[in-house]
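Data from entry.txt: compact mmCIF, N, CA and C atoms
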# COMPACT_ATOMS: atom_id res chain seq x y z
N MET A 253 76.33 102.95 118.22
CA MET A 253 75.04 102.27 118.20
C MET A 253 74.19 102.67 119.39
N TRP A 254 74.77 103.04 120.49
CA TRP A 254 73.97 103.36 121.67
C TRP A 254 73.39 104.76 121.62
N LEU A 255 73.75 105.54 120.63
CA LEU A 255 73.22 106.89 120.52
C LEU A 255 72.24 107.05 119.36
N SER A 256 72.05 106.02 118.57
CA SER A 256 71.18 106.13 117.39
C SER A 256 69.91 105.32 117.59
N LYS A 257 68.94 105.61 116.74
CA LYS A 257 67.66 104.90 116.77
C LYS A 257 67.17 104.68 115.34
N GLY A 258 66.21 103.79 115.21
CA GLY A 258 65.56 103.57 113.92
C GLY A 258 66.49 103.09 112.83
N GLU A 259 66.33 103.68 111.64
CA GLU A 259 67.10 103.26 110.47
C GLU A 259 68.60 103.49 110.67
N GLU A 260 68.95 104.60 111.31
CA GLU A 260 70.36 104.89 111.57
C GLU A 260 70.98 103.81 112.46
N HIS A 261 70.22 103.38 113.45
CA HIS A 261 70.68 102.33 114.36
C HIS A 261 70.90 101.02 113.60
N GLU A 262 69.92 100.64 112.79
CA GLU A 262 70.03 99.39 112.02
C GLU A 262 71.19 99.44 111.04
N ALA A 263 71.40 100.59 110.40
CA ALA A 263 72.52 100.73 109.46
C ALA A 263 73.84 100.60 110.20
N GLY A 264 73.93 101.20 111.36
CA GLY A 264 75.16 101.10 112.16
C GLY A 264 75.43 99.68 112.61
N LYS A 265 74.38 98.99 113.01
CA LYS A 265 74.49 97.59 113.43
C LYS A 265 74.98 96.72 112.27
N LYS A 266 74.38 96.90 111.10
CA LYS A 266 74.79 96.11 109.93
C LYS A 266 76.24 96.38 109.56
N GLU A 267 76.64 97.64 109.64
CA GLU A 267 78.03 97.99 109.32
C GLU A 267 78.99 97.36 110.32
N LEU A 268 78.65 97.42 111.60
CA LEU A 268 79.51 96.83 112.62
C LEU A 268 79.65 95.32 112.40
N ILE A 269 78.55 94.65 112.17
CA ILE A 269 78.59 93.20 111.94
C ILE A 269 79.41 92.89 110.69
N SER A 270 79.28 93.69 109.65
CA SER A 270 80.05 93.43 108.42
C SER A 270 81.55 93.59 108.67
N ILE A 271 81.92 94.52 109.53
CA ILE A 271 83.34 94.69 109.87
C ILE A 271 83.85 93.46 110.62
N PHE A 272 83.06 92.97 111.57
CA PHE A 272 83.46 91.77 112.29
C PHE A 272 83.51 90.56 111.36
N LYS A 273 82.63 90.49 110.40
CA LYS A 273 82.67 89.39 109.42
C LYS A 273 83.93 89.47 108.55
N GLN A 274 84.37 90.67 108.23
CA GLN A 274 85.63 90.82 107.48
C GLN A 274 86.80 90.33 108.32
N LEU A 275 86.79 90.67 109.61
CA LEU A 275 87.85 90.18 110.49
C LEU A 275 87.82 88.66 110.58
N GLU A 276 86.62 88.11 110.64
CA GLU A 276 86.46 86.66 110.70
C GLU A 276 86.98 86.01 109.41
N GLU A 277 86.68 86.62 108.29
CA GLU A 277 87.15 86.10 107.00
C GLU A 277 88.68 86.14 106.92
N THR A 278 89.26 87.20 107.42
CA THR A 278 90.73 87.32 107.43
C THR A 278 91.35 86.26 108.32
N LEU A 279 90.72 85.97 109.44
CA LEU A 279 91.21 84.93 110.35
C LEU A 279 91.19 83.57 109.67
N GLY A 280 90.12 83.32 108.92
CA GLY A 280 90.00 82.02 108.24
C GLY A 280 89.93 80.88 109.23
N ASP A 281 90.68 79.83 108.95
CA ASP A 281 90.70 78.65 109.82
C ASP A 281 91.93 78.60 110.72
N LYS A 282 92.68 79.70 110.75
CA LYS A 282 93.88 79.75 111.59
C LYS A 282 93.46 79.96 113.06
N PRO A 283 94.25 79.46 113.98
CA PRO A 283 93.93 79.69 115.39
C PRO A 283 94.10 81.16 115.80
N PHE A 284 95.09 81.83 115.20
CA PHE A 284 95.36 83.23 115.49
C PHE A 284 95.61 83.95 114.17
N TYR A 285 95.58 85.26 114.19
CA TYR A 285 95.73 86.01 112.94
C TYR A 285 97.09 85.79 112.30
N GLY A 286 98.11 85.54 113.10
CA GLY A 286 99.43 85.30 112.54
C GLY A 286 99.69 83.84 112.23
N GLY A 287 98.74 82.99 112.48
CA GLY A 287 98.91 81.56 112.23
C GLY A 287 98.71 80.77 113.51
N ASP A 288 99.74 80.01 113.89
CA ASP A 288 99.62 79.13 115.05
C ASP A 288 99.93 79.81 116.38
N THR A 289 100.50 81.00 116.33
CA THR A 289 100.87 81.66 117.58
C THR A 289 100.19 83.02 117.73
N PHE A 290 99.90 83.36 118.97
CA PHE A 290 99.33 84.65 119.31
C PHE A 290 100.34 85.73 118.96
N GLY A 291 99.91 86.73 118.20
CA GLY A 291 100.86 87.73 117.73
C GLY A 291 100.33 89.15 117.84
N PHE A 292 100.99 90.05 117.13
CA PHE A 292 100.72 91.48 117.21
C PHE A 292 99.29 91.83 116.82
N VAL A 293 98.78 91.25 115.75
CA VAL A 293 97.41 91.57 115.31
C VAL A 293 96.41 91.09 116.35
N ASP A 294 96.64 89.91 116.92
CA ASP A 294 95.77 89.40 117.97
C ASP A 294 95.78 90.35 119.17
N LEU A 295 96.96 90.79 119.52
CA LEU A 295 97.12 91.71 120.64
C LEU A 295 96.36 93.02 120.41
N CYS A 296 96.38 93.49 119.18
CA CYS A 296 95.68 94.74 118.85
C CYS A 296 94.16 94.59 118.78
N LEU A 297 93.69 93.42 118.39
CA LEU A 297 92.24 93.22 118.20
C LEU A 297 91.50 92.72 119.44
N ILE A 298 92.15 91.96 120.29
CA ILE A 298 91.43 91.33 121.41
C ILE A 298 90.81 92.34 122.38
N PRO A 299 91.34 93.53 122.57
CA PRO A 299 90.67 94.48 123.47
C PRO A 299 89.24 94.83 123.05
N PHE A 300 88.93 94.70 121.77
CA PHE A 300 87.56 94.98 121.31
C PHE A 300 86.56 93.99 121.90
N TYR A 301 87.04 92.83 122.33
CA TYR A 301 86.15 91.85 122.94
C TYR A 301 85.40 92.43 124.14
N SER A 302 86.04 93.30 124.88
CA SER A 302 85.42 93.91 126.05
C SER A 302 84.17 94.71 125.69
N TRP A 303 84.05 95.09 124.45
CA TRP A 303 82.90 95.87 123.97
C TRP A 303 81.80 95.00 123.37
N PHE A 304 82.07 93.72 123.15
CA PHE A 304 81.09 92.87 122.46
C PHE A 304 79.75 92.83 123.18
N TYR A 305 79.74 92.71 124.50
CA TYR A 305 78.49 92.65 125.25
C TYR A 305 77.68 93.93 125.02
N THR A 306 78.35 95.06 125.02
CA THR A 306 77.68 96.34 124.78
C THR A 306 77.10 96.38 123.38
N PHE A 307 77.91 95.97 122.39
CA PHE A 307 77.42 95.94 121.01
C PHE A 307 76.21 95.01 120.88
N GLU A 308 76.30 93.84 121.49
CA GLU A 308 75.21 92.87 121.41
C GLU A 308 73.94 93.40 122.08
N THR A 309 74.11 94.02 123.23
CA THR A 309 72.96 94.50 123.99
C THR A 309 72.26 95.64 123.26
N PHE A 310 73.02 96.62 122.82
CA PHE A 310 72.42 97.74 122.13
C PHE A 310 71.97 97.38 120.71
N GLY A 311 72.65 96.42 120.09
CA GLY A 311 72.32 96.04 118.73
C GLY A 311 71.34 94.91 118.61
N ASN A 312 71.05 94.26 119.75
CA ASN A 312 70.12 93.14 119.76
C ASN A 312 70.54 92.04 118.78
N PHE A 313 71.79 91.60 118.94
CA PHE A 313 72.30 90.48 118.16
C PHE A 313 73.30 89.72 119.02
N LYS A 314 73.72 88.57 118.57
CA LYS A 314 74.68 87.75 119.29
C LYS A 314 75.90 87.52 118.42
N MET A 315 77.06 87.88 118.93
CA MET A 315 78.31 87.68 118.19
C MET A 315 78.53 86.19 117.90
N GLU A 316 78.16 85.35 118.83
CA GLU A 316 78.33 83.90 118.65
C GLU A 316 77.59 83.42 117.40
N PHE A 317 76.43 83.98 117.14
CA PHE A 317 75.64 83.61 115.97
C PHE A 317 76.19 84.28 114.71
N GLU A 318 76.50 85.57 114.80
CA GLU A 318 76.94 86.33 113.63
C GLU A 318 78.36 85.97 113.19
N CYS A 319 79.24 85.73 114.14
CA CYS A 319 80.66 85.50 113.82
C CYS A 319 81.24 84.39 114.70
N PRO A 320 80.83 83.15 114.48
CA PRO A 320 81.28 82.06 115.35
C PRO A 320 82.78 81.82 115.34
N LYS A 321 83.42 81.99 114.19
CA LYS A 321 84.88 81.79 114.13
C LYS A 321 85.61 82.86 114.92
N LEU A 322 85.10 84.07 114.87
CA LEU A 322 85.70 85.17 115.63
C LEU A 322 85.56 84.90 117.13
N MET A 323 84.41 84.38 117.54
CA MET A 323 84.20 84.08 118.95
C MET A 323 85.06 82.89 119.40
N ALA A 324 85.31 81.95 118.52
CA ALA A 324 86.22 80.85 118.86
C ALA A 324 87.64 81.40 119.05
N TRP A 325 88.02 82.36 118.23
CA TRP A 325 89.32 83.04 118.38
C TRP A 325 89.38 83.75 119.72
N VAL A 326 88.29 84.44 120.10
CA VAL A 326 88.25 85.13 121.40
C VAL A 326 88.50 84.12 122.52
N LYS A 327 87.85 82.99 122.46
CA LYS A 327 88.01 81.96 123.50
C LYS A 327 89.45 81.47 123.57
N ARG A 328 90.09 81.30 122.42
CA ARG A 328 91.51 80.90 122.42
C ARG A 328 92.37 81.98 123.06
N CYS A 329 92.10 83.22 122.70
CA CYS A 329 92.87 84.33 123.26
C CYS A 329 92.67 84.44 124.77
N MET A 330 91.43 84.23 125.23
CA MET A 330 91.12 84.37 126.64
C MET A 330 91.73 83.25 127.49
N GLN A 331 92.21 82.19 126.86
CA GLN A 331 92.90 81.13 127.58
C GLN A 331 94.29 81.59 128.04
N ARG A 332 94.76 82.66 127.44
CA ARG A 332 96.06 83.22 127.82
C ARG A 332 95.87 84.14 129.02
N GLN A 333 96.60 83.90 130.09
CA GLN A 333 96.48 84.74 131.28
C GLN A 333 96.83 86.19 130.98
N THR A 334 97.77 86.40 130.08
CA THR A 334 98.15 87.77 129.75
C THR A 334 97.01 88.54 129.11
N VAL A 335 96.05 87.83 128.55
CA VAL A 335 94.87 88.46 127.96
C VAL A 335 93.75 88.53 129.00
N SER A 336 93.39 87.40 129.56
CA SER A 336 92.23 87.34 130.46
C SER A 336 92.38 88.20 131.71
N LYS A 337 93.60 88.39 132.17
CA LYS A 337 93.81 89.18 133.39
C LYS A 337 93.97 90.67 133.12
N THR A 338 94.03 91.06 131.86
CA THR A 338 94.27 92.48 131.56
C THR A 338 93.09 93.18 130.91
N LEU A 339 92.19 92.44 130.29
CA LEU A 339 91.06 93.08 129.62
C LEU A 339 90.02 93.56 130.62
N PRO A 340 89.41 94.71 130.36
CA PRO A 340 88.32 95.15 131.23
C PRO A 340 87.13 94.21 131.10
N ASP A 341 86.39 94.06 132.18
CA ASP A 341 85.20 93.23 132.18
C ASP A 341 84.16 93.82 131.24
N GLU A 342 83.55 92.98 130.41
CA GLU A 342 82.61 93.47 129.42
C GLU A 342 81.35 94.09 130.03
N LYS A 343 80.93 93.63 131.19
CA LYS A 343 79.77 94.21 131.86
C LYS A 343 80.11 95.60 132.42
N GLN A 344 81.34 95.79 132.85
CA GLN A 344 81.76 97.10 133.33
C GLN A 344 81.81 98.11 132.17
N VAL A 345 82.22 97.65 131.01
CA VAL A 345 82.22 98.52 129.83
C VAL A 345 80.79 98.94 129.51
N TYR A 346 79.87 97.99 129.57
CA TYR A 346 78.45 98.28 129.33
C TYR A 346 77.93 99.31 130.33
N GLU A 347 78.24 99.11 131.60
CA GLU A 347 77.80 100.05 132.64
C GLU A 347 78.38 101.44 132.39
N TYR A 348 79.61 101.49 131.93
CA TYR A 348 80.25 102.77 131.60
C TYR A 348 79.48 103.49 130.48
N VAL A 349 79.10 102.75 129.47
CA VAL A 349 78.33 103.32 128.36
C VAL A 349 76.98 103.83 128.86
N LEU A 350 76.35 103.09 129.75
CA LEU A 350 75.07 103.55 130.31
C LEU A 350 75.25 104.86 131.07
N ARG A 351 76.35 104.97 131.83
CA ARG A 351 76.63 106.22 132.55
C ARG A 351 76.88 107.36 131.57
N LEU A 352 77.58 107.07 130.47
CA LEU A 352 77.81 108.09 129.45
C LEU A 352 76.49 108.56 128.85
N GLN A 353 75.62 107.61 128.55
CA GLN A 353 74.30 107.96 127.99
C GLN A 353 73.55 108.89 128.93
N LYS A 354 73.56 108.54 130.19
CA LYS A 354 72.86 109.36 131.19
C LYS A 354 73.48 110.74 131.28
N ALA A 355 74.80 110.82 131.23
CA ALA A 355 75.51 112.09 131.35
C ALA A 355 75.20 113.03 130.18
N ILE A 356 74.97 112.46 129.01
CA ILE A 356 74.68 113.32 127.84
C ILE A 356 73.19 113.45 127.58
N GLY A 357 72.40 112.86 128.48
CA GLY A 357 70.95 113.03 128.37
C GLY A 357 70.27 112.13 127.39
N GLN A 358 70.81 110.98 127.11
CA GLN A 358 70.19 110.02 126.17
C GLN A 358 69.28 109.06 126.90
What would the structure in this file look like if it were written as structure tokens?
Amino acid sequence: MWLSKGEEHEAGKKELISIFKQLEETLGDKPFYGGDTFGFVDLCLIPFYSWFYTFETFGNFKMEFECPKLMAWVKRCMQRQTVSKTLPDEKQVYEYVLRLQKAIGQ
């Protein structure tokens, strides 16, 4: 999304949001993807949270509005020290993307 503009950008944004909505639908009303306990699927998906700020900023949308159940899941996951202390800071990920853009001349 950070390399596209116009219609291509909007199409990419819509596709990304639809993927997150599918993940939200799969989660349903369960606290975690495996049910009541944090499991393998949660472990595999939670690192994407570090990119949410970048997606929101470049896509001009809010995950909280688009996928509230997914964001509630993120908050539950972030209550675990094993998650909150290991994920990269979302603002640092954003800054990294900005440096990448500059490096490739965007």
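The spacing separating atom CA of Glu259 of chain A from atom C of Phe310 of chain A amounts to 12.8 Å.
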Which parts of segment 255-357 of chain A does DSSP call alpha helix (DSSP H) when run on the backbone here, written out as a short mmCIF file (atom, residue, chain, number, x, y, z; two decimals) with N, CA and C atoms, keeping the file's coordinate frame?
data_model
loop_
_atom_site.label_atom_id
_atom_site.label_comp_id
_atom_site.auth_asym_id
_atom_site.auth_seq_id
_atom_site.Cartn_x
_atom_site.Cartn_y
_atom_site.Cartn_z
N GLY A 258 66.21 103.79 115.21
CA GLY A 258 65.56 103.57 113.92
C GLY A 258 66.49 103.09 112.83
N GLU A 259 66.33 103.68 111.64
CA GLU A 259 67.10 103.26 110.47
C GLU A 259 68.60 103.49 110.67
N GLU A 260 68.95 104.60 111.31
CA GLU A 260 70.36 104.89 111.57
C GLU A 260 70.98 103.81 112.46
N HIS A 261 70.22 103.38 113.45
CA HIS A 261 70.68 102.33 114.36
C HIS A 261 70.90 101.02 113.60
N GLU A 262 69.92 100.64 112.79
CA GLU A 262 70.03 99.39 112.02
C GLU A 262 71.19 99.44 111.04
N ALA A 263 71.40 100.59 110.40
CA ALA A 263 72.52 100.73 109.46
C ALA A 263 73.84 100.60 110.20
N GLY A 264 73.93 101.20 111.36
CA GLY A 264 75.16 101.10 112.16
C GLY A 264 75.43 99.68 112.61
N LYS A 265 74.38 98.99 113.01
CA LYS A 265 74.49 97.59 113.43
C LYS A 265 74.98 96.72 112.27
N LYS A 266 74.38 96.90 111.10
CA LYS A 266 74.79 96.11 109.93
C LYS A 266 76.24 96.38 109.56
N GLU A 267 76.64 97.64 109.64
CA GLU A 267 78.03 97.99 109.32
C GLU A 267 78.99 97.36 110.32
N LEU A 268 78.65 97.42 111.60
CA LEU A 268 79.51 96.83 112.62
C LEU A 268 79.65 95.32 112.40
N ILE A 269 78.55 94.65 112.17
CA ILE A 269 78.59 93.20 111.94
C ILE A 269 79.41 92.89 110.69
N SER A 270 79.28 93.69 109.65
CA SER A 270 80.05 93.43 108.42
C SER A 270 81.55 93.59 108.67
N ILE A 271 81.92 94.52 109.53
CA ILE A 271 83.34 94.69 109.87
C ILE A 271 83.85 93.46 110.62
N PHE A 272 83.06 92.97 111.57
CA PHE A 272 83.46 91.77 112.29
C PHE A 272 83.51 90.56 111.36
N LYS A 273 82.63 90.49 110.40
CA LYS A 273 82.67 89.39 109.42
C LYS A 273 83.93 89.47 108.55
N GLN A 274 84.37 90.67 108.23
CA GLN A 274 85.63 90.82 107.48
C GLN A 274 86.80 90.33 108.32
N LEU A 275 86.79 90.67 109.61
CA LEU A 275 87.85 90.18 110.49
C LEU A 275 87.82 88.66 110.58
N GLU A 276 86.62 88.11 110.64
CA GLU A 276 86.46 86.66 110.70
C GLU A 276 86.98 86.01 109.41
N GLU A 277 86.68 86.62 108.29
CA GLU A 277 87.15 86.10 107.00
C GLU A 277 88.68 86.14 106.92
N THR A 278 89.26 87.20 107.42
CA THR A 278 90.73 87.32 107.43
C THR A 278 91.35 86.26 108.32
N LEU A 279 90.72 85.97 109.44
CA LEU A 279 91.21 84.93 110.35
C LEU A 279 91.19 83.57 109.67
N PHE A 292 100.99 90.05 117.13
CA PHE A 292 100.72 91.48 117.21
C PHE A 292 99.29 91.83 116.82
N VAL A 293 98.78 91.25 115.75
CA VAL A 293 97.41 91.57 115.31
C VAL A 293 96.41 91.09 116.35
N ASP A 294 96.64 89.91 116.92
CA ASP A 294 95.77 89.40 117.97
C ASP A 294 95.78 90.35 119.17
N LEU A 295 96.96 90.79 119.52
CA LEU A 295 97.12 91.71 120.64
C LEU A 295 96.36 93.02 120.41
N CYS A 296 96.38 93.49 119.18
CA CYS A 296 95.68 94.74 118.85
C CYS A 296 94.16 94.59 118.78
N LEU A 297 93.69 93.42 118.39
CA LEU A 297 92.24 93.22 118.20
C LEU A 297 91.50 92.72 119.44
N PHE A 304 82.07 93.72 123.15
CA PHE A 304 81.09 92.87 122.46
C PHE A 304 79.75 92.83 123.18
N TYR A 305 79.74 92.71 124.50
CA TYR A 305 78.49 92.65 125.25
C TYR A 305 77.68 93.93 125.02
N THR A 306 78.35 95.06 125.02
CA THR A 306 77.68 96.34 124.78
C THR A 306 77.10 96.38 123.38
N PHE A 307 77.91 95.97 122.39
CA PHE A 307 77.42 95.94 121.01
C PHE A 307 76.21 95.01 120.88
N GLU A 308 76.30 93.84 121.49
CA GLU A 308 75.21 92.87 121.41
C GLU A 308 73.94 93.40 122.08
N THR A 309 74.11 94.02 123.23
CA THR A 309 72.96 94.50 123.99
C THR A 309 72.26 95.64 123.26
N PHE A 310 73.02 96.62 122.82
CA PHE A 310 72.42 97.74 122.13
C PHE A 310 71.97 97.38 120.71
N GLY A 311 72.65 96.42 120.09
CA GLY A 311 72.32 96.04 118.73
C GLY A 311 71.34 94.91 118.61
N MET A 315 77.06 87.88 118.93
CA MET A 315 78.31 87.68 118.19
C MET A 315 78.53 86.19 117.90
N GLU A 316 78.16 85.35 118.83
CA GLU A 316 78.33 83.90 118.65
C GLU A 316 77.59 83.42 117.40
N PHE A 317 76.43 83.98 117.14
CA PHE A 317 75.64 83.61 115.97
C PHE A 317 76.19 84.28 114.71
N GLU A 318 76.50 85.57 114.80
CA GLU A 318 76.94 86.33 113.63
C GLU A 318 78.36 85.97 113.19
N PRO A 320 80.83 83.15 114.48
CA PRO A 320 81.28 82.06 115.35
C PRO A 320 82.78 81.82 115.34
N LYS A 321 83.42 81.99 114.19
CA LYS A 321 84.88 81.79 114.13
C LYS A 321 85.61 82.86 114.92
N LEU A 322 85.10 84.07 114.87
CA LEU A 322 85.70 85.17 115.63
C LEU A 322 85.56 84.90 117.13
N MET A 323 84.41 84.38 117.54
CA MET A 323 84.20 84.08 118.95
C MET A 323 85.06 82.89 119.40
N ALA A 324 85.31 81.95 118.52
CA ALA A 324 86.22 80.85 118.86
C ALA A 324 87.64 81.40 119.05
N TRP A 325 88.02 82.36 118.23
CA TRP A 325 89.32 83.04 118.38
C TRP A 325 89.38 83.75 119.72
N VAL A 326 88.29 84.44 120.10
CA VAL A 326 88.25 85.13 121.40
C VAL A 326 88.50 84.12 122.52
N LYS A 327 87.85 82.99 122.46
CA LYS A 327 88.01 81.96 123.50
C LYS A 327 89.45 81.47 123.57
N ARG A 328 90.09 81.30 122.42
CA ARG A 328 91.51 80.90 122.42
C ARG A 328 92.37 81.98 123.06
N CYS A 329 92.10 83.22 122.70
CA CYS A 329 92.87 84.33 123.26
C CYS A 329 92.67 84.44 124.77
N MET A 330 91.43 84.23 125.23
CA MET A 330 91.12 84.37 126.64
C MET A 330 91.73 83.25 127.49
N GLN A 333 96.60 83.90 130.09
CA GLN A 333 96.48 84.74 131.28
C GLN A 333 96.83 86.19 130.98
N THR A 334 97.77 86.40 130.08
CA THR A 334 98.15 87.77 129.75
C THR A 334 97.01 88.54 129.11
N VAL A 335 96.05 87.83 128.55
CA VAL A 335 94.87 88.46 127.96
C VAL A 335 93.75 88.53 129.00
N SER A 336 93.39 87.40 129.56
CA SER A 336 92.23 87.34 130.46
C SER A 336 92.38 88.20 131.71
N GLU A 342 83.55 92.98 130.41
CA GLU A 342 82.61 93.47 129.42
C GLU A 342 81.35 94.09 130.03
N LYS A 343 80.93 93.63 131.19
CA LYS A 343 79.77 94.21 131.86
C LYS A 343 80.11 95.60 132.42
N GLN A 344 81.34 95.79 132.85
CA GLN A 344 81.76 97.10 133.33
C GLN A 344 81.81 98.11 132.17
N VAL A 345 82.22 97.65 131.01
CA VAL A 345 82.22 98.52 129.83
C VAL A 345 80.79 98.94 129.51
N TYR A 346 79.87 97.99 129.57
CA TYR A 346 78.45 98.28 129.33
C TYR A 346 77.93 99.31 130.33
N GLU A 347 78.24 99.11 131.60
CA GLU A 347 77.80 100.05 132.64
C GLU A 347 78.38 101.44 132.39
N TYR A 348 79.61 101.49 131.93
CA TYR A 348 80.25 102.77 131.60
C TYR A 348 79.48 103.49 130.48
N VAL A 349 79.10 102.75 129.47
CA VAL A 349 78.33 103.32 128.36
C VAL A 349 76.98 103.83 128.86
N LEU A 350 76.35 103.09 129.75
CA LEU A 350 75.07 103.55 130.31
C LEU A 350 75.25 104.86 131.07
N ARG A 351 76.35 104.97 131.83
CA ARG A 351 76.63 106.22 132.55
C ARG A 351 76.88 107.36 131.57
N LEU A 352 77.58 107.07 130.47
CA LEU A 352 77.81 108.09 129.45
C LEU A 352 76.49 108.56 128.85
N GLN A 353 75.62 107.61 128.55
CA GLN A 353 74.30 107.96 127.99
C GLN A 353 73.55 108.89 128.93
N LYS A 354 73.56 108.54 130.19
CA LYS A 354 72.86 109.36 131.19
C LYS A 354 73.48 110.74 131.28
N ALA A 355 74.80 110.82 131.23
CA ALA A 355 75.51 112.09 131.35
C ALA A 355 75.20 113.03 130.18
#
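Note that atom N of Lys354 of chain A and atom CA of Cys319 of chain A are 29.1 Å apart.
Atom pair atom N of Lys343 of chain A / atom C of Trp303 of chain A has a distance of 8.0 Å (rounded to one decimal).
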Edge lengths and centre in Å to one decimal, as AutoDock Vina command-line options, is what I'm after for the box along x, y and z that holds all listed atoms of segment 294-305 of chain A once 8 Å is added on each side.
--center_x 87.4 --center_y 92.6 --center_z 121.5 --size_x 35.4 --size_y 22.5 --size_z 25.1
Self-check item: Who sits within 8 Å of Leu339 of chain A, only C-alpha atoms, same chain under 2 positions skipped, as a list in words
Solution: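 So the residues in contact are Pro299, Ser302, Val335, Ser336, Lys337 and Asp341 of chain A.
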Quiz item: Could you name the residues that touch segment 275-282 of chain A at 8 Å or less, counting all atoms listed in the file, but leaving out those on the same chain fewer than 2 positions away, as a PyMOL selection string?
Solution: chain A and resi 269-273+284-289+319-323+325
Missing atoms in segment 257-273 of chain A: can you complete it with N, CA, C and O atoms, as a PDB file, in the frame of the given file?
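Saved file selection.pdb follows:
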ATOM      1  N   LYS A 257      68.940 105.610 116.740  1.00  0.00           N
ATOM      2  CA  LYS A 257      67.660 104.900 116.770  1.00  0.00           C
ATOM      3  C   LYS A 257      67.170 104.680 115.340  1.00  0.00           C
ATOM      4  O   LYS A 257      67.663 105.289 114.405  1.00  0.00           O
ATOM      5  N   GLY A 258      66.210 103.790 115.210  1.00  0.00           N
ATOM      6  CA  GLY A 258      65.560 103.570 113.920  1.00  0.00           C
ATOM      7  C   GLY A 258      66.490 103.090 112.830  1.00  0.00           C
ATOM      8  O   GLY A 258      67.328 102.217 113.039  1.00  0.00           O
ATOM      9  N   GLU A 259      66.330 103.680 111.640  1.00  0.00           N
ATOM     10  CA  GLU A 259      67.100 103.260 110.470  1.00  0.00           C
ATOM     11  C   GLU A 259      68.600 103.490 110.670  1.00  0.00           C
ATOM     12  O   GLU A 259      69.421 102.675 110.235  1.00  0.00           O
ATOM     13  N   GLU A 260      68.950 104.600 111.310  1.00  0.00           N
ATOM     14  CA  GLU A 260      70.360 104.890 111.570  1.00  0.00           C
ATOM     15  C   GLU A 260      70.980 103.810 112.460  1.00  0.00           C
ATOM     16  O   GLU A 260      72.091 103.359 112.227  1.00  0.00           O
ATOM     17  N   HIS A 261      70.220 103.380 113.450  1.00  0.00           N
ATOM     18  CA  HIS A 261      70.680 102.330 114.360  1.00  0.00           C
ATOM     19  C   HIS A 261      70.900 101.020 113.600  1.00  0.00           C
ATOM     20  O   HIS A 261      71.932 100.360 113.759  1.00  0.00           O
ATOM     21  N   GLU A 262      69.920 100.640 112.790  1.00  0.00           N
ATOM     22  CA  GLU A 262      70.030  99.390 112.020  1.00  0.00           C
ATOM     23  C   GLU A 262      71.190  99.440 111.040  1.00  0.00           C
ATOM     24  O   GLU A 262      71.899  98.446 110.860  1.00  0.00           O
ATOM     25  N   ALA A 263      71.400 100.590 110.400  1.00  0.00           N
ATOM     26  CA  ALA A 263      72.520 100.730 109.460  1.00  0.00           C
ATOM     27  C   ALA A 263      73.840 100.600 110.200  1.00  0.00           C
ATOM     28  O   ALA A 263      74.768  99.924 109.707  1.00  0.00           O
ATOM     29  N   GLY A 264      73.930 101.200 111.360  1.00  0.00           N
ATOM     30  CA  GLY A 264      75.160 101.100 112.160  1.00  0.00           C
ATOM     31  C   GLY A 264      75.430  99.680 112.610  1.00  0.00           C
ATOM     32  O   GLY A 264      76.556  99.203 112.586  1.00  0.00           O
ATOM     33  N   LYS A 265      74.380  98.990 113.010  1.00  0.00           N
ATOM     34  CA  LYS A 265      74.490  97.590 113.430  1.00  0.00           C
ATOM     35  C   LYS A 265      74.980  96.720 112.270  1.00  0.00           C
ATOM     36  O   LYS A 265      75.903  95.922 112.426  1.00  0.00           O
ATOM     37  N   LYS A 266      74.380  96.900 111.100  1.00  0.00           N
ATOM     38  CA  LYS A 266      74.790  96.110 109.930  1.00  0.00           C
ATOM     39  C   LYS A 266      76.240  96.380 109.560  1.00  0.00           C
ATOM     40  O   LYS A 266      76.980  95.465 109.207  1.00  0.00           O
ATOM     41  N   GLU A 267      76.640  97.640 109.640  1.00  0.00           N
ATOM     42  CA  GLU A 267      78.030  97.990 109.320  1.00  0.00           C
ATOM     43  C   GLU A 267      78.990  97.360 110.320  1.00  0.00           C
ATOM     44  O   GLU A 267      80.026  96.809 109.930  1.00  0.00           O
ATOM     45  N   LEU A 268      78.650  97.420 111.600  1.00  0.00           N
ATOM     46  CA  LEU A 268      79.510  96.830 112.620  1.00  0.00           C
ATOM     47  C   LEU A 268      79.650  95.320 112.400  1.00  0.00           C
ATOM     48  O   LEU A 268      80.765  94.785 112.426  1.00  0.00           O
ATOM     49  N   ILE A 269      78.550  94.650 112.170  1.00  0.00           N
ATOM     50  CA  ILE A 269      78.590  93.200 111.940  1.00  0.00           C
ATOM     51  C   ILE A 269      79.410  92.890 110.690  1.00  0.00           C
ATOM     52  O   ILE A 269      80.194  91.936 110.686  1.00  0.00           O
ATOM     53  N   SER A 270      79.280  93.690 109.650  1.00  0.00           N
ATOM     54  CA  SER A 270      80.050  93.430 108.420  1.00  0.00           C
ATOM     55  C   SER A 270      81.550  93.590 108.670  1.00  0.00           C
ATOM     56  O   SER A 270      82.361  92.850 108.100  1.00  0.00           O
ATOM     57  N   ILE A 271      81.920  94.520 109.530  1.00  0.00           N
ATOM     58  CA  ILE A 271      83.340  94.690 109.870  1.00  0.00           C
ATOM     59  C   ILE A 271      83.850  93.460 110.620  1.00  0.00           C
ATOM     60  O   ILE A 271      84.925  92.945 110.312  1.00  0.00           O
ATOM     61  N   PHE A 272      83.060  92.970 111.570  1.00  0.00           N
ATOM     62  CA  PHE A 272      83.460  91.770 112.290  1.00  0.00           C
ATOM     63  C   PHE A 272      83.510  90.560 111.360  1.00  0.00           C
ATOM     64  O   PHE A 272      84.387  89.697 111.514  1.00  0.00           O
ATOM     65  N   LYS A 273      82.630  90.490 110.400  1.00  0.00           N
ATOM     66  CA  LYS A 273      82.670  89.390 109.420  1.00  0.00           C
ATOM     67  C   LYS A 273      83.930  89.470 108.550  1.00  0.00           C
ATOM     68  O   LYS A 273      84.497  88.437 108.188  1.00  0.00           O
TER      69      LYS A 273
END
